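Presented below is the structure to which this report refers.
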Amino acid sequence: MSKFDAIRPYYDAEVNLALQDAVNHPIMKAMMNFTFPGVDDEVWQNQLRKTHSIRDFQCNFIYEAIQKVVQKSSDGLSTSGFEKLEPNASYLFISNHRDIILDTSLLNISLFDYGLVMTASAIGDNLVKKDFLRSLSRLNRNFVVQRGLPPRELLQSSQLMSEYIEQLLLRENRSVWIAQREGRTKDGNDATHTGVLKMLAMAAGNRDVIDYFRQIKIVPVSISYEYDPTDALKMPQLMAEANNEVYVKSSNEDFNNILSGIIGQKRHIHIHVGDILDSELDIIKAENSNSNKQIQAIVQLIDDAILQSYHLWPTNFIAYDLLFKTDRFKDRYTEQEKSLFGRRLEMRIDGKNQQMVEGFLSMYANPVVNKLKYDNNI
């Protein structure tokens, strides 16, 4: 047995058997009927039974499914920065995180379109508790991040994951996607957690951490949705945190978020791939000998890259003007766009709850607030 068996995706030799088990599952049927409307079940079932690798499953089924999601629930996906990446090279994509499934799925279809190496992607074990969802995630090259462990087990889990990520990047030449922090950003303030970098650094062992980070080619990624399809679903947790209350998820909350993220209206989506962290690491190494300070400096680099490249939509500028009662950005949106956003706010949020209204507006306005820290003339 491999020491990574508890967290790794399927090996290609395991894929066909897993698909044979999954082919008649109701969720698989729903996915395929959505992806291939009007096609008899027998057709896609036969194709699944002939599939023997993750790549074939991703290219022939998942790619088509995500394209259908984009077509049905958005006004299109745009990209920038991918031309900087080399074919057949692996990268560690550290991304802001807005949607449970789509963030990494949209990155992967973009990588595929550009002829680049697709990712193995981190997924929380809370999202794959059901056997079928665990199997589907492994078929889609996800590896499991264990959540809510006591300190000693958390340390062991982090060590294992850091070693697995190193193996993917440096031995298997497989790109990796990981979120900049645990869980999705709920309030629009994207920020990298130092714990993510400390976990990655564990694989360096006795090697110089900065040299190791250069070797694994860290690439900051920003993804932005004009409409967050799960915006209203994020509000109860935001309100609980604002009132210093402990938030407890409902039993089906994660699944409802996944479903809403997939089918909910997003309008426009943009993914930007930043520059590979390279010469900046030399500067950090020269200025700091303390590893904690080095990691904090790299966190700041990643934050700067994500926040500055975050694509702002009319909804962000509308929310900023509404929240701060100004018309500063009135040239960035039309009255119709403002009216549509206002209608969305009315339909999804209790207008009598001022705290909730401000929380909803802040979710969309904060990317503007953050970008203004870098450029007052955005």
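In the structure tokens, the first chain shown is A, the next is B, and so on; residue numbers restart at 1 for each chain, and ligands run from 1 in the order shown.
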Please report as JSON lines every residue of range 137-250 of chain A lying within 7 Å of range 1-7 of chain A, along with the nearest atom pair and their distance in Å (one decimal), using only C-alpha atoms.
{"residue": "A:Phe143", "atom": "CA", "partner": "A:Ile7", "partner_atom": "CA", "distance": 5.2}
{"residue": "A:Val144", "atom": "CA", "partner": "A:Ile7", "partner_atom": "CA", "distance": 4.7}
{"residue": "A:Tyr164", "atom": "CA", "partner": "A:Phe4", "partner_atom": "CA", "distance": 6.8}
Excluding Asp56 in chain A and its own-chain neighbours fewer than 5 positions away, which residues fall within 12 Å of it when counting only C-alpha atoms? Please give them as number ranges by chain. A: 12, 15-16, 19, 47-51, 61-64, 139-141
Secondary structure check, strand (DSSP E) residues of range 52-223 of chain A, as a PyMOL selection string: chain A and resi 74-80+92-95+119-124+142-145+175-179+218-223
Write out the residues from the selection above, keeping N, CA, C and O atoms, as a compact mmCIF listing (two decimals), in the first residue's frame.
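So result-v2.txt came out as:
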# COMPACT_ATOMS: atom_id res chain seq x y z
N SER A 74 -24.14 31.09 -17.27
CA SER A 74 -23.30 32.30 -17.28
C SER A 74 -23.36 32.96 -18.65
O SER A 74 -23.91 32.41 -19.60
N ASP A 75 -22.76 34.14 -18.71
CA ASP A 75 -22.61 34.84 -19.99
C ASP A 75 -21.21 34.64 -20.55
O ASP A 75 -20.77 35.37 -21.43
N GLY A 76 -20.50 33.65 -20.02
CA GLY A 76 -19.21 33.30 -20.60
C GLY A 76 -18.06 33.39 -19.63
O GLY A 76 -18.09 34.13 -18.64
N LEU A 77 -17.02 32.62 -19.94
CA LEU A 77 -15.78 32.58 -19.16
C LEU A 77 -14.67 33.23 -19.97
O LEU A 77 -14.44 32.86 -21.13
N SER A 78 -13.99 34.20 -19.38
CA SER A 78 -12.83 34.82 -20.03
C SER A 78 -11.59 34.53 -19.20
O SER A 78 -11.68 34.24 -18.00
N THR A 79 -10.43 34.59 -19.84
CA THR A 79 -9.18 34.24 -19.16
C THR A 79 -8.08 35.22 -19.54
O THR A 79 -8.16 35.89 -20.57
N SER A 80 -7.05 35.26 -18.72
CA SER A 80 -5.84 36.03 -19.04
C SER A 80 -4.66 35.42 -18.32
O SER A 80 -4.81 34.82 -17.25
N LEU A 92 2.21 24.95 -9.23
CA LEU A 92 1.36 24.96 -8.04
C LEU A 92 0.50 26.21 -8.10
O LEU A 92 0.98 27.32 -7.86
N PHE A 93 -0.76 26.04 -8.44
CA PHE A 93 -1.69 27.16 -8.52
C PHE A 93 -2.30 27.41 -7.14
O PHE A 93 -3.00 26.55 -6.60
N ILE A 94 -2.00 28.57 -6.57
CA ILE A 94 -2.62 28.98 -5.30
C ILE A 94 -3.66 30.04 -5.63
O ILE A 94 -3.34 31.10 -6.15
N SER A 95 -4.92 29.71 -5.36
CA SER A 95 -6.03 30.51 -5.88
C SER A 95 -6.93 31.03 -4.76
O SER A 95 -7.06 30.40 -3.71
N THR A 119 -4.78 19.97 -13.40
CA THR A 119 -4.36 19.88 -12.00
C THR A 119 -4.92 18.66 -11.28
O THR A 119 -5.99 18.14 -11.63
N ALA A 120 -4.19 18.24 -10.26
CA ALA A 120 -4.78 17.50 -9.14
C ALA A 120 -5.20 18.57 -8.15
O ALA A 120 -4.47 19.54 -7.93
N SER A 121 -6.39 18.43 -7.57
CA SER A 121 -6.95 19.53 -6.78
C SER A 121 -7.34 19.09 -5.38
O SER A 121 -7.91 18.00 -5.19
N ALA A 122 -7.04 19.95 -4.42
CA ALA A 122 -7.39 19.66 -3.03
C ALA A 122 -8.89 19.80 -2.82
O ALA A 122 -9.53 20.71 -3.35
N ILE A 123 -9.46 18.88 -2.02
CA ILE A 123 -10.88 18.97 -1.68
C ILE A 123 -11.05 18.55 -0.23
O ILE A 123 -10.40 17.59 0.24
N GLY A 124 -11.85 19.28 0.53
CA GLY A 124 -12.05 18.97 1.94
C GLY A 124 -12.80 17.66 2.13
O GLY A 124 -13.73 17.37 1.37
N ASN A 142 -9.05 14.60 -7.61
CA ASN A 142 -9.01 15.34 -6.36
C ASN A 142 -8.24 14.54 -5.31
O ASN A 142 -8.31 13.31 -5.29
N PHE A 143 -7.51 15.25 -4.45
CA PHE A 143 -6.93 14.61 -3.28
C PHE A 143 -7.53 15.25 -2.04
O PHE A 143 -7.90 16.43 -2.04
N VAL A 144 -7.63 14.47 -0.98
CA VAL A 144 -8.44 14.86 0.18
C VAL A 144 -7.62 15.61 1.23
O VAL A 144 -6.53 15.18 1.62
N VAL A 145 -8.19 16.73 1.66
CA VAL A 145 -7.65 17.48 2.79
C VAL A 145 -8.51 17.14 4.01
O VAL A 145 -9.73 17.34 3.99
N SER A 175 0.39 19.31 -12.33
CA SER A 175 0.07 20.58 -11.67
C SER A 175 -0.89 20.33 -10.51
O SER A 175 -1.62 19.32 -10.49
N VAL A 176 -0.89 21.26 -9.56
CA VAL A 176 -1.73 21.14 -8.36
C VAL A 176 -2.48 22.44 -8.15
O VAL A 176 -1.92 23.53 -8.33
N TRP A 177 -3.77 22.33 -7.78
CA TRP A 177 -4.56 23.49 -7.36
C TRP A 177 -4.83 23.37 -5.86
O TRP A 177 -5.22 22.32 -5.37
N ILE A 178 -4.59 24.47 -5.17
CA ILE A 178 -4.93 24.53 -3.75
C ILE A 178 -5.45 25.93 -3.43
O ILE A 178 -4.98 26.92 -3.99
N ALA A 179 -6.45 26.00 -2.57
CA ALA A 179 -7.00 27.30 -2.18
C ALA A 179 -6.04 28.03 -1.25
O ALA A 179 -5.26 27.40 -0.53
N ILE A 218 5.29 28.36 -7.86
CA ILE A 218 4.02 28.87 -7.33
C ILE A 218 3.44 29.92 -8.28
O ILE A 218 4.12 30.87 -8.66
N VAL A 219 2.17 29.75 -8.63
CA VAL A 219 1.48 30.68 -9.52
C VAL A 219 0.19 31.16 -8.83
O VAL A 219 -0.73 30.36 -8.63
N PRO A 220 0.09 32.44 -8.45
CA PRO A 220 -1.16 32.95 -7.89
C PRO A 220 -2.24 33.03 -8.97
O PRO A 220 -1.96 33.39 -10.12
N VAL A 221 -3.46 32.69 -8.59
CA VAL A 221 -4.59 32.70 -9.52
C VAL A 221 -5.75 33.45 -8.87
O VAL A 221 -6.05 33.24 -7.70
N SER A 222 -6.40 34.32 -9.66
CA SER A 222 -7.62 34.97 -9.17
C SER A 222 -8.79 34.59 -10.06
O SER A 222 -8.67 34.55 -11.28
N ILE A 223 -9.91 34.27 -9.42
CA ILE A 223 -11.14 33.97 -10.15
C ILE A 223 -12.24 34.87 -9.61
O ILE A 223 -12.34 35.09 -8.40
As a VMD selection string, which residues of range 37-199 of chain A does DSSP assign to alpha helix (DSSP H)? chain A and resid 41 to 49 54 to 57 63 to 73 102 to 113 131 to 139 151 to 166 194 to 199
Within 12 Å of Asn376 in chain A, counting only C-alpha atoms, which residues qualify if same-chain residues fewer than 6 places away don't, as a list in words?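 Returned residues: Gln308, Arg328, Phe329, Val368, Val369 and Asn370 of chain A.
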Give me, please, the distance in Å between CA of Gln215 in chain A and CA of Ile298 in chain A, quoted to one decimal. 14.4 Å
Using only C-alpha atoms, which of A:Ser157, A:Gln45, A:Ile302, A:Tyr11 sits nearest Asn24 in chain A? A:Gln45
Which residues, written as a PDB file with C-alpha atoms, in the first residue's frame, have at least one atom at most 12 Å from Asn33 in chain A, with only C-alpha atoms counted and residues fewer than 3 positions away on the same chain left out?
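So the final result, stored in selection.pdb, reads:
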ATOM      1  CA  PRO A  26     -28.707   8.574  -9.880  1.00  0.00           C
ATOM      2  CA  ILE A  27     -26.220  11.467  -9.538  1.00  0.00           C
ATOM      3  CA  MET A  28     -24.172  10.156 -12.467  1.00  0.00           C
ATOM      4  CA  LYS A  29     -27.361   9.824 -14.528  1.00  0.00           C
ATOM      5  CA  ALA A  30     -28.386  13.395 -13.634  1.00  0.00           C
ATOM      6  CA  PHE A  36     -25.683  15.261 -23.069  1.00  0.00           C
ATOM      7  CA  PRO A  37     -29.377  16.222 -23.339  1.00  0.00           C
ATOM      8  CA  GLY A  38     -31.319  14.091 -25.775  1.00  0.00           C
ATOM      9  CA  VAL A  39     -28.703  11.326 -25.783  1.00  0.00           C
ATOM     10  CA  ASP A  40     -29.944   7.874 -24.736  1.00  0.00           C
ATOM     11  CA  ASP A  41     -28.541   6.712 -21.411  1.00  0.00           C
ATOM     12  CA  GLU A  42     -27.178   3.600 -23.072  1.00  0.00           C
ATOM     13  CA  VAL A  43     -24.859   5.698 -25.257  1.00  0.00           C
ATOM     14  CA  TRP A  44     -23.015   7.522 -22.443  1.00  0.00           C
ATOM     15  CA  GLN A  45     -23.129   4.442 -20.229  1.00  0.00           C
ATOM     16  CA  PHE A  61     -17.203  13.825 -19.736  1.00  0.00           C
ATOM     17  CA  GLU A  64     -18.226  18.694 -21.500  1.00  0.00           C
ATOM     18  CA  ALA A  65     -20.193  18.976 -18.254  1.00  0.00           C
ATOM     19  CA  LYS A  68     -22.492  23.019 -20.359  1.00  0.00           C
TER      20      LYS A  68
END
Surrounding residues of Lys371 in chain A excluding itself and chain neighbours under 2 positions, 10 Å, only C-alpha atoms, as JSON, numbers by chain: {"A": [304, 306, 307, 308, 309, 310, 311, 312, 366, 367, 368, 369, 373, 374, 375, 376, 377, 378]}
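Non-sequential neighbours of Tyr364 in chain A (distance at most 9 Å, separation of 2 or more positions within a chain, only C-alpha atoms) are Asp187, Gly188, Glu226, Tyr227, Asp228, Thr315, Asn316, Phe317, Ile318, Ala319, Tyr320, Phe360, Leu361, Ser362, Asn366, Pro367 and Val368 of chain A.
Our summary of the geometry notes that CA of Ile101 in chain A is positioned 22.6 Å from CA of Ala305 in chain A.
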